[in-house]
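Accompanying notes for the structure given below.
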Amino acid sequence: MKRSTLLTFVSIAAALIIAFISTVGVSPAVGQSPAATPSPTPQLSLEEWIQRGQEAFSAEDFHAAVDAYQAALQQAPDNIEALLGLGDAFFNLEEYEQAKATYEAVLALDPENVAGQAGMCRVMAWLEPDTGVTLCTSFLDAHPQDAGRWLSLGIAYMNQSDYQHAAEAFETAVQLDPGDYWGHLDLAEAYIKLDRFEDALAEAAEAIQIDPDRAEAYFSRGKIYSLTNQLSKAVTDYQKVVNLDPFNAEGYLGLGATFYDMGDFGTAIGYLEKFLALSPDDPRKTDVQSLISDIIPAGTYIRSNEKGISDEMMYVFIVAPKSLYEVAGDQFARITVFPQTNQDIMIQTIDESNGQVVSEMDEAGPGGEETVFISLHQDDKAIGMFSFKVTNKDNVKGDYQVVLNGTSAIGFELFDEAWEIYGKPGENTIPAFFALSPLQPQDFTFVATPADGNEHLDLAILVVNANTGENLGMVNDTGVGEGESARYPLVDNLYYIFVADLNGQTGDILFTYQGQ
């Protein structure tokens with residue numbers, strides 16, 4: 001590295017930087033309380049703190065490494081070994097500004113320090129790619145066999161969108177160090193940008209062979225399969241990603257997008273919503289929400305919160321008559337059950353036309369939520385009525401919270417008959433219909449509210465005893481754009497609940513029900 005080039009990027013307040021680094025604590029990771037990592041008490045020797053930092057770094061516990069190196073610097077603020085370790089820990093935490101300040105402190109003490117020069121090359125590749133290219137190129141003039149700095153140069157080029165030069169730098173890096181997992185992955189990413197998909201697949205496969213227990217290489221290969229329309233292979237790799245790392249939001253996004261492309265919209269919804277749950281602030285949030293909205297066509301959106309179920313099982317029914325398909329197209333239903341205590345629940349989807357179990361979901365274990373999806377149509381035909389049976393496997397009694405999403409029914413005969421008393425809705429109305437089977441006599445409160453953007457609706461609620469046909473009465477106490485609330489004493493084992501617009505308008509609603 002040429003000394004004059006490097007010194008251009010070294011802070012003129014080096015002494016202040018050294019003092020700053022030795023006294024300021026590490027910034028907490030995203031979502032982590034500042035109190036989560038206590039400041040170390042400097043009771044060990046300088047060498048012992050450095051050794052502790054090295055051990056934490058090797059274990060990839062970078063917060064602990066920062067604490068240890070800072071403790072060492074409290075004893076010896078100008079210790080270059082501790083400063084370098086601290087800079088590397090900050091870098092791995094993606095605290096690039098703090099890493100930069102630390103490497104600058106090293107170079108203020110020793111402008112020819114090779115590790116400090118390499119650190120500045122690496123961090124500037126991310127912070128300021130143009131500067132990173134200059135620094136890394138100058139460094140490699142003096143140290144052409146440093147595979148890591150060839151990687152940094154490639155990253156700087158990637159951040160400049162100069163993919164050809166990035167690929168060339170990464171190729172040199174893996175030639176110098178063929179066993180570098182990240183080198184092969186970085187090269188695969190450059191090849192993807194250059195549309196060299198076969199080469200990208202080879203590099204991703206090489207990374208998997210080097211370390212088959214890391215998720216990143218499977219994600220990279222899954223992305224390549226998605227781009228080349230090998231969707232089944234993409235699903236396999238994305239599934240491997242979330243199996244290895246259940247909190248990998250990108251893996252769920254890959255699954256959701258791929259199932260969408262395959263036309264399996266019900267499955268796509270679940271993975272896309274999992275992505276949103278794991279990454280609520282992701283800049284792609286609006287696009288993903290729009291994709292979900294496209295999957296669930298215009299009609300009635302039902303969200304139900306149901307509490308008060310305290311036995312081994314309950315049922316929620318959905319019906320899909322042909323007239324709904326004619327009005328709104330293919331529809332999907334999703335039910336998620338959240339145990340409020342430590343129940344181990346199972347959900348079975350039952351085809352009411354033949355009593356057969358269509359699907360079964362039992363993955364979460366005690367206290368975990370379960371979710372199932374079902375398409376309400378097949379081959380351009382409505383396929384009848386389904387029930388979702390929720391079973392407490394271990395007989396631990398307690399409340400559930402049930403969330404039901406999807407479009408329900410139109411033109412159901414019982415609804416038409418019951419509505420005759422009050423006047424039928426218009427032909428285009430899509431009333432929400434579902435059934436509730438209380439396990440013990442109790443009062444239930446039902447609330448229907450127009451969803452945002454659907455203030456044109458004038459809603460009404462109607463409940464009918466499915467066993468006797470008794471109409472428990474309709475509630476329409478408010479006006480257009482307002483919610484309705486109704487409370488009914490339910491004692492039998494099956495009731496039909498209907499919500500519709502009195503003026504024959506279609507639109508989305510939010511519906512909740514709660515046992516008292």
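Numbering starts fresh at 1 for the residues of each chain in the structure tokens, the chains themselves are lettered A, B, ... in the order given, and ligands are numbered from 1 as they appear.
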Exercise. Out of region 51-192 of chain A, which residues get alpha helix (DSSP H) from DSSP, as a ChimeraX atom specification?
Worked result: /A:51-58,62-75,80-92,96-109,114-127,129-142,147-159,163-176,181-192
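For Ala257 (chain A), the list of residues within 8 Å, based on only C-alpha atoms and with local chain neighbours fewer than 4 positions off taken out, reads Leu253, Asp261, Ala268 and Leu272 of chain A.
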Using N, CA and C atoms, can you write the selected residues to a file as a PDB file, in the first residue's frame?
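Saved to out.pdb:
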```
ATOM      1  N   LEU A 253     -39.584 -15.311   1.763  1.00  0.00           N
ATOM      2  CA  LEU A 253     -39.961 -14.516   0.598  1.00  0.00           C
ATOM      3  C   LEU A 253     -39.726 -15.305  -0.689  1.00  0.00           C
ATOM      4  N   ASP A 261     -45.534 -17.970  -8.439  1.00  0.00           N
ATOM      5  CA  ASP A 261     -45.242 -18.217  -9.849  1.00  0.00           C
ATOM      6  C   ASP A 261     -45.737 -19.591 -10.301  1.00  0.00           C
ATOM      7  N   ALA A 268     -48.538 -19.738  -1.139  1.00  0.00           N
ATOM      8  CA  ALA A 268     -47.767 -18.500  -1.280  1.00  0.00           C
ATOM      9  C   ALA A 268     -48.120 -17.499  -0.195  1.00  0.00           C
ATOM     10  N   LEU A 272     -45.449 -15.547   2.317  1.00  0.00           N
ATOM     11  CA  LEU A 272     -45.312 -14.097   2.177  1.00  0.00           C
ATOM     12  C   LEU A 272     -45.643 -13.393   3.489  1.00  0.00           C
TER      13      LEU A 272
END
```
Might you pull out every residue within 12 Å of Gly148 (chain A), with only C-alpha atoms counted and same-chain residues fewer than 4 positions away left off, and present them as an mmCIF file with C-alpha atoms, in the first residue's frame?
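As a result, out.cif now contains:
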```
data_model
loop_
_atom_site.group_PDB
_atom_site.id
_atom_site.type_symbol
_atom_site.label_atom_id
_atom_site.label_comp_id
_atom_site.auth_asym_id
_atom_site.auth_seq_id
_atom_site.Cartn_x
_atom_site.Cartn_y
_atom_site.Cartn_z
ATOM 1 C CA ALA A 115 -3.864 -5.410 8.916
ATOM 2 C CA ALA A 118 -6.560 -4.291 4.847
ATOM 3 C CA GLY A 119 -9.310 -3.328 7.270
ATOM 4 C CA CYS A 121 -9.895 -1.510 2.239
ATOM 5 C CA ARG A 122 -12.578 -3.883 3.463
ATOM 6 C CA CYS A 136 -8.001 -2.066 -2.297
ATOM 7 C CA PHE A 139 -3.155 -2.486 -1.245
ATOM 8 C CA LEU A 140 -3.132 -5.327 -3.783
ATOM 9 C CA HIS A 143 0.066 -7.667 -1.515
ATOM 10 C CA PRO A 144 -1.248 -9.433 -4.641
ATOM 11 C CA SER A 152 -13.099 -6.631 -0.821
ATOM 12 C CA LEU A 153 -12.196 -5.195 -4.214
ATOM 13 C CA GLY A 154 -14.910 -7.303 -5.810
ATOM 14 C CA ILE A 155 -17.460 -6.065 -3.254
ATOM 15 C CA ALA A 169 -11.765 -9.855 -8.662
ATOM 16 C CA PHE A 170 -13.803 -12.688 -7.132
ATOM 17 C CA GLU A 171 -12.323 -15.175 -9.616
ATOM 18 C CA THR A 172 -8.832 -14.181 -8.453
ATOM 19 C CA ALA A 173 -9.913 -14.531 -4.828
ATOM 20 C CA VAL A 174 -11.180 -18.117 -5.213
ATOM 21 C CA GLN A 175 -8.125 -19.073 -7.250
ATOM 22 C CA LEU A 176 -5.973 -17.946 -4.326
ATOM 23 C CA ASP A 177 -8.260 -19.552 -1.730
ATOM 24 C CA PRO A 178 -10.440 -22.303 -3.296
ATOM 25 C CA ASP A 180 -13.423 -19.772 0.780
ATOM 26 C CA TYR A 181 -17.188 -20.253 1.183
ATOM 27 C CA TRP A 182 -17.968 -16.548 0.811
ATOM 28 C CA GLY A 183 -15.667 -16.167 -2.160
ATOM 29 C CA ASP A 186 -19.789 -13.607 -4.038
#
```
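Between CA of Gly87 (chain A) and CA of Glu112 (chain A) the interatomic distance comes to 16.7 Å.
Considering the residues A:Ile210, A:Tyr252, A:Met361, A:Ala200 and counting only C-alpha atoms, Leu227 (chain A) has its shortest atom-to-atom contact with A:Ala200.
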Exercise. Between CA of Leu109 (chain A) and CA of Ala142 (chain A), what is the distance, to one decimal in Å?
Worked result: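 Interatomic distance, CA of Leu109 (chain A) to CA of Ala142 (chain A): 20.4 Å.
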Exercise. From the set A:Glu470, A:Asp501, A:Asp362, A:Glu189, which residue has the shortest atom-to-atom contact distance to Glu482 (chain A), counting only C-alpha atoms?
Worked result: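 Ranked by minimum distance to Glu482 (chain A), first place goes to A:Asp501.
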